[in-house]
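Have a look at the structure below before the remarks.
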Amino acid sequence: MTIEAVLARIDQALPEATDRLLDLLRIPSISTDPAYQADCDRAADWLVSDLQGLGFDASKRPTPGHPMVVAHYDGPEVADTPHLLFYGHYDVQPVDPLSLWDRDPFDPQIEDTPSGKVIRGRGASDDKGQLMTFLEACRAWRAEHGRLPCRLTIFLEGEEESGSPSLIPFMQENAQELRADVALICDTGLFQSRTPSIVTMLRGLVGEEITIKAASKDLHSGMYGGLAMNPIRLLSQIIAGLHDDTGRITVPGFYDGVPELSDEMRAQWQGLAFDHARFLGDVGLSVPAGESDRTPLEMLWSRPTCEVNGIWGGYTGDGFKTVLPAEANAKISFRLVGQQDPLAIREAFRAYVTAQLPADCTAEFSEHGDSPAGQMSVENPAFEPARAALTEEWGTAAAYVGCGGSIPIAGYFKTYLDMDAMLIGFAKDDDQIHSPNEKYDLQSFHKGIRSWARVLDRLTTEKG
């Protein structure tokens with residue numbers, strides 16, 4: 001079997017593939033809004049039908065929330081042929097504010113733009129367009145050769161955009177069925193919109209809300225100011241002390257489990273020629289603010305963070321009110337890397353805060369989620385063939401990169417199924433995911449399909 005024949009079929013069938021994507025995009029599968037429950041079911045049914053047409057044993061699986069779609073293809077009985085699992089999600093973000101859309105978000109169209117044709121509509125990039133790149137690669141392969149090249153499992157979720165409440169229980173209950181040699185995830189993008197990449201590092205996340213309480217009621221600042229503790233001042237002191245003068249986080253034990261970047265990975269990242277001045281300049285900034293002894297990409301991808309996401313207290317309405325408030329509040333998040341323990345970080349932060357409280361002040365804490373970092377081993381024999389396949393398709397050396405955000409599913413595959421995951425995606429920085437006028441470049445869709453066909457070819461003909 002030759003990959004060139006599959007690629008030629010992909011090129012020829014692109015209009016039909018695009019029509020199928022547009023059909024899926026018309027289904028408003030918004031997972032966070034109960035009003036769209038039936039539409040989420042309809043999207044799952046659409047995918048089950050499509051996968052069955054590709055020769056998969058596919059079914060819709062109920063959960064307490066939106067259904068999962070699970071499909072299996074047995075593949076040829078060839079020694080050392082891998083079993084691959086592909087993950088994607090069919091649910092989408094809400095479209096608000098609707099007034100900022102140039103067209104109905106669920107009436108997708110192909111549009112001409114100065115940079116080329118794009119597929120415009122909610123879910124085009126996140127994640128229906130990316131999901132369909134893999135399914136279309138399978139379609140072309142089977143149409144050309146009569147079968148797929150290996151054993152495949154497809155695992156599609158309907159709650160990724162609403163916190164995945166059913167995901168972990170489902171994975172635990174169906175671990176034996178879902179376990180494969182490696183997982184493939186298409187929910188990332190091209191580095192700086194041009195370089196194909198495999199994400200090997202994902203930061204974890206801990207969210208904390210803190211309330212500092214002082215007096216039993218709001219106080220007149222003339223009668224009590226200077227003598228009574230102002231909780232806003234106390235909270236400000238605590239927050240200001242979270243970083244030292246070099247940008248290093250001061251919570252005791254915070255850096256336990258933080259690995260150093262390997263020389264090989266550091267050299268590869270330097271080769272990406274990341275323009276941090278332009279990156280910051282695009283949002284009106286110019287001076288890096290993190291750890292002063294780290295490169296910009298290290299700070300974004302391989303170093304942990306502590307950030308204040310919101311702070312409030314006292315009177316904030318029109319005019320002025322001279323008051324010492326009874327309480328002050330903040331929301332603080334930590335991005336984690338390596339082997340940092342989210343629960344240990346939470347406890348260390350709370351102990352850090354409590355240790356600084358005067359005897360007559362208290363702190364209350366509310367947790368807002370936690371997930372560990374994900375770090376994939378590039379020693380897995382699937383990684384180098386996949387990187388070679390991406391390099392071939394895009395004509396640019398593919399890179400192993402990090403991701404500053406959190407995609408918990410990659411870590412869950414490792415924790416619950418003992419599988420490494422390769423995150424390969426074709427989104428661009430300007431795709432406006434989660435925002436009005438979301439789009440996916442037609443080139444990303446087309447070359448994404450071709451890329452997955454090449455990856456399948458490499459993974460089933462090379463052993464690393």
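Here's how to read the names in the structure tokens: chain A, B, ... by the order shown, residue numbers from 1 in each chain, ligand numbers from 1 in the order shown.
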Long-range neighbours of range 354-364 of chain A as an MDAnalysis selection string, 7 Å cut-off, only C-alpha atoms, 5 positions minimum in chain: chainID A and resid 210:214
Nearest-residue call for Ser377 in chain A, choices A:Ile198, A:Ile424, A:Ala348, A:Leu300, using only C-alpha atoms: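 Using only C-alpha atoms, the shortest distance to Ser377 in chain A belongs to A:Ile198.
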Residue with smallest distance to Pro64 in chain A - pool A:Trp301, A:Tyr224, A:Tyr315, A:Phe170, counting only C-alpha atoms: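 That would be A:Phe170, the residue with the smallest distance to Pro64 in chain A.
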Pick from A:Tyr412, A:Tyr36, A:Trp394, A:Trp141, whichever lies nearest to Arg9 in chain A using only C-alpha atoms: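 Closest candidate: A:Trp141.
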Could you give me, as JSON lines, every range 158-246 of chain A residue with an atom at most 10 Å from range 253-272 of chain A, plus its closest atom pair and distance in Å to one decimal, counting only C-alpha atoms, rows ordered by chain then number?
```
{"residue": "A:Phe191", "atom": "CA", "partner": "A:Leu272", "partner_atom": "CA", "distance": 8.7}
{"residue": "A:Gln192", "atom": "CA", "partner": "A:Leu272", "partner_atom": "CA", "distance": 9.4}
{"residue": "A:Thr195", "atom": "CA", "partner": "A:Leu272", "partner_atom": "CA", "distance": 8.6}
```
All strand (DSSP E or B) positions in range 244-428 of chain A, as a PyMOL selection string: chain A and resi 249+305-313+323-324+327-336+362-371+374-375+399-403+421-423+427
Go ahead and write the residues just picked, N, CA and C atoms, as a compact mmCIF listing (two decimals), in the first residue's frame.
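Result file is out22.txt:
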```
# COMPACT_ATOMS: atom_id res chain seq x y z
N ILE A 249 8.12 31.98 42.84
CA ILE A 249 6.97 31.83 43.73
C ILE A 249 7.46 31.37 45.10
N THR A 305 3.22 28.57 37.44
CA THR A 305 2.84 29.97 37.65
C THR A 305 1.90 30.10 38.84
N CYS A 306 1.80 31.31 39.33
CA CYS A 306 0.80 31.72 40.32
C CYS A 306 0.24 33.05 39.85
N GLU A 307 -1.05 33.11 39.58
CA GLU A 307 -1.64 34.33 39.04
C GLU A 307 -2.91 34.70 39.82
N VAL A 308 -3.10 36.00 40.01
CA VAL A 308 -4.33 36.53 40.61
C VAL A 308 -5.31 36.80 39.48
N ASN A 309 -6.43 36.09 39.47
CA ASN A 309 -7.41 36.22 38.40
C ASN A 309 -8.55 37.18 38.72
N GLY A 310 -8.65 37.57 39.97
CA GLY A 310 -9.69 38.52 40.36
C GLY A 310 -9.49 38.92 41.81
N ILE A 311 -9.82 40.18 42.13
CA ILE A 311 -9.69 40.66 43.51
C ILE A 311 -10.75 41.72 43.74
N TRP A 312 -11.41 41.65 44.91
CA TRP A 312 -12.45 42.62 45.18
C TRP A 312 -12.69 42.73 46.70
N GLY A 313 -13.34 43.86 47.07
CA GLY A 313 -13.67 44.10 48.46
C GLY A 313 -14.03 45.56 48.65
N VAL A 323 -14.93 53.50 53.88
CA VAL A 323 -15.27 52.34 54.68
C VAL A 323 -14.08 51.39 54.76
N LEU A 324 -13.93 50.75 55.91
CA LEU A 324 -13.05 49.59 56.03
C LEU A 324 -13.95 48.36 55.89
N GLU A 327 -14.59 42.26 54.80
CA GLU A 327 -13.91 41.15 54.15
C GLU A 327 -13.34 41.58 52.81
N ALA A 328 -12.38 40.80 52.32
CA ALA A 328 -11.76 41.00 51.01
C ALA A 328 -11.60 39.64 50.35
N ASN A 329 -11.65 39.63 49.01
CA ASN A 329 -11.70 38.36 48.28
C ASN A 329 -10.74 38.37 47.09
N ALA A 330 -10.29 37.19 46.74
CA ALA A 330 -9.45 37.03 45.54
C ALA A 330 -9.62 35.64 44.98
N LYS A 331 -9.42 35.52 43.68
CA LYS A 331 -9.35 34.23 42.99
C LYS A 331 -7.92 34.07 42.47
N ILE A 332 -7.31 32.96 42.82
CA ILE A 332 -5.90 32.73 42.50
C ILE A 332 -5.76 31.36 41.85
N SER A 333 -5.02 31.32 40.77
CA SER A 333 -4.81 30.04 40.08
C SER A 333 -3.33 29.72 39.99
N PHE A 334 -3.02 28.45 39.98
CA PHE A 334 -1.66 27.95 39.82
C PHE A 334 -1.63 27.03 38.61
N ARG A 335 -0.73 27.30 37.66
CA ARG A 335 -0.46 26.37 36.57
C ARG A 335 0.71 25.50 37.00
N LEU A 336 0.55 24.20 36.84
CA LEU A 336 1.53 23.24 37.36
C LEU A 336 2.24 22.52 36.23
N THR A 362 -9.52 35.91 59.92
CA THR A 362 -9.67 34.53 59.46
C THR A 362 -9.64 34.49 57.94
N ALA A 363 -9.41 33.29 57.42
CA ALA A 363 -9.43 33.07 55.98
C ALA A 363 -10.33 31.89 55.68
N GLU A 364 -11.16 32.05 54.67
CA GLU A 364 -11.98 30.96 54.17
C GLU A 364 -11.56 30.66 52.74
N PHE A 365 -11.55 29.38 52.39
CA PHE A 365 -11.08 28.97 51.07
C PHE A 365 -12.17 28.16 50.35
N SER A 366 -12.26 28.37 49.06
CA SER A 366 -13.13 27.56 48.20
C SER A 366 -12.29 27.06 47.04
N GLU A 367 -12.34 25.76 46.79
CA GLU A 367 -11.54 25.21 45.69
C GLU A 367 -12.31 25.27 44.38
N HIS A 368 -11.60 25.49 43.31
CA HIS A 368 -12.19 25.59 41.99
C HIS A 368 -11.43 24.68 41.01
N GLY A 369 -11.40 23.41 41.33
CA GLY A 369 -10.83 22.43 40.43
C GLY A 369 -9.34 22.23 40.60
N ASP A 370 -8.88 21.06 40.19
CA ASP A 370 -7.45 20.75 40.21
C ASP A 370 -7.18 19.63 39.22
N SER A 371 -6.07 19.71 38.55
CA SER A 371 -5.65 18.65 37.65
C SER A 371 -4.13 18.67 37.55
N GLY A 374 0.53 17.30 32.49
CA GLY A 374 0.75 16.14 31.64
C GLY A 374 2.11 16.25 30.97
N GLN A 375 2.89 15.22 31.05
CA GLN A 375 4.20 15.22 30.42
C GLN A 375 4.39 13.89 29.71
N ALA A 399 8.03 20.12 15.44
CA ALA A 399 8.71 20.30 16.72
C ALA A 399 7.91 19.69 17.85
N TYR A 400 8.62 19.28 18.89
CA TYR A 400 7.99 18.95 20.16
C TYR A 400 7.85 20.25 20.94
N VAL A 401 6.64 20.56 21.37
CA VAL A 401 6.41 21.84 22.05
C VAL A 401 5.66 21.61 23.34
N GLY A 402 5.59 22.66 24.14
CA GLY A 402 4.76 22.65 25.33
C GLY A 402 3.48 23.41 25.08
N CYS A 403 2.63 23.41 26.07
CA CYS A 403 1.38 24.16 25.99
C CYS A 403 1.14 24.79 27.35
N ALA A 421 0.07 10.02 25.28
CA ALA A 421 -0.79 10.66 24.28
C ALA A 421 0.04 11.59 23.43
N MET A 422 -0.27 11.61 22.14
CA MET A 422 0.31 12.59 21.23
C MET A 422 -0.76 13.61 20.88
N LEU A 423 -0.49 14.87 21.17
CA LEU A 423 -1.42 15.95 20.86
C LEU A 423 -0.95 16.63 19.57
N ALA A 427 -4.96 23.88 14.34
CA ALA A 427 -5.58 25.19 14.53
C ALA A 427 -4.54 26.29 14.37
```
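The smallest atom-to-atom distance between Gln339 in chain A and any of A:Leu202, A:Ala175, A:Leu234, A:Ala124, using only C-alpha atoms, is found for A:Leu202.
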Of the listed residues A:Leu98, A:Ala58, A:Ile345, A:Leu280, that which approaches Val251 in chain A most closely, counting only C-alpha atoms: A:Ile345
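Considering the residues A:Phe134, A:Asp429, A:Asp96, A:Tyr87 and counting only C-alpha atoms, Asp282 in chain A has its shortest atom-to-atom contact with A:Asp429.
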Those of range 308-435 of chain A in DSSP helix (DSSP H, G or I), formatted as an MDAnalysis selection string: chainID A and resid 342:354 383:394 408:417
May I have the selected residues written with C-alpha atoms, as a PDB file, in the first residue's frame?
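Result file result35.pdb:
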```
ATOM      1  CA  PRO A 342      -2.214  19.676  42.887  1.00  0.00           C
ATOM      2  CA  LEU A 343      -3.504  18.719  46.333  1.00  0.00           C
ATOM      3  CA  ALA A 344      -0.163  19.445  47.956  1.00  0.00           C
ATOM      4  CA  ILE A 345      -0.032  22.834  46.227  1.00  0.00           C
ATOM      5  CA  ARG A 346      -3.519  23.660  47.509  1.00  0.00           C
ATOM      6  CA  GLU A 347      -2.615  22.762  51.083  1.00  0.00           C
ATOM      7  CA  ALA A 348       0.711  24.616  50.922  1.00  0.00           C
ATOM      8  CA  PHE A 349      -1.017  27.772  49.663  1.00  0.00           C
ATOM      9  CA  ARG A 350      -3.621  27.635  52.398  1.00  0.00           C
ATOM     10  CA  ALA A 351      -0.930  27.151  55.031  1.00  0.00           C
ATOM     11  CA  TYR A 352       1.029  30.084  53.539  1.00  0.00           C
ATOM     12  CA  VAL A 353      -2.022  32.349  53.868  1.00  0.00           C
ATOM     13  CA  THR A 354      -3.045  31.169  57.329  1.00  0.00           C
ATOM     14  CA  PHE A 383       6.627   9.993  18.534  1.00  0.00           C
ATOM     15  CA  GLU A 384       9.483  10.190  16.053  1.00  0.00           C
ATOM     16  CA  PRO A 385       7.583   8.549  13.152  1.00  0.00           C
ATOM     17  CA  ALA A 386       4.674  10.917  13.771  1.00  0.00           C
ATOM     18  CA  ARG A 387       7.006  13.922  13.804  1.00  0.00           C
ATOM     19  CA  ALA A 388       8.553  12.755  10.532  1.00  0.00           C
ATOM     20  CA  ALA A 389       5.083  12.432   8.992  1.00  0.00           C
ATOM     21  CA  LEU A 390       4.184  16.001   9.953  1.00  0.00           C
ATOM     22  CA  THR A 391       7.480  17.300   8.602  1.00  0.00           C
ATOM     23  CA  GLU A 392       6.823  15.576   5.279  1.00  0.00           C
ATOM     24  CA  GLU A 393       3.346  17.055   4.912  1.00  0.00           C
ATOM     25  CA  TRP A 394       4.049  20.639   5.943  1.00  0.00           C
ATOM     26  CA  PRO A 408      -6.680  17.284  31.249  1.00  0.00           C
ATOM     27  CA  ILE A 409      -7.566  14.359  28.970  1.00  0.00           C
ATOM     28  CA  ALA A 410      -3.896  13.777  28.126  1.00  0.00           C
ATOM     29  CA  GLY A 411      -3.070  13.340  31.808  1.00  0.00           C
ATOM     30  CA  TYR A 412      -6.148  11.195  32.341  1.00  0.00           C
ATOM     31  CA  PHE A 413      -4.993   8.777  29.644  1.00  0.00           C
ATOM     32  CA  LYS A 414      -1.751   8.358  31.565  1.00  0.00           C
ATOM     33  CA  THR A 415      -3.352   8.159  35.010  1.00  0.00           C
ATOM     34  CA  TYR A 416      -6.305   5.916  34.259  1.00  0.00           C
ATOM     35  CA  LEU A 417      -5.238   3.962  31.172  1.00  0.00           C
TER      36      LEU A 417
END
```
Distance in Å - CA of Pro304 in chain A versus CA of Phe274 in chain A: 19.4 Å
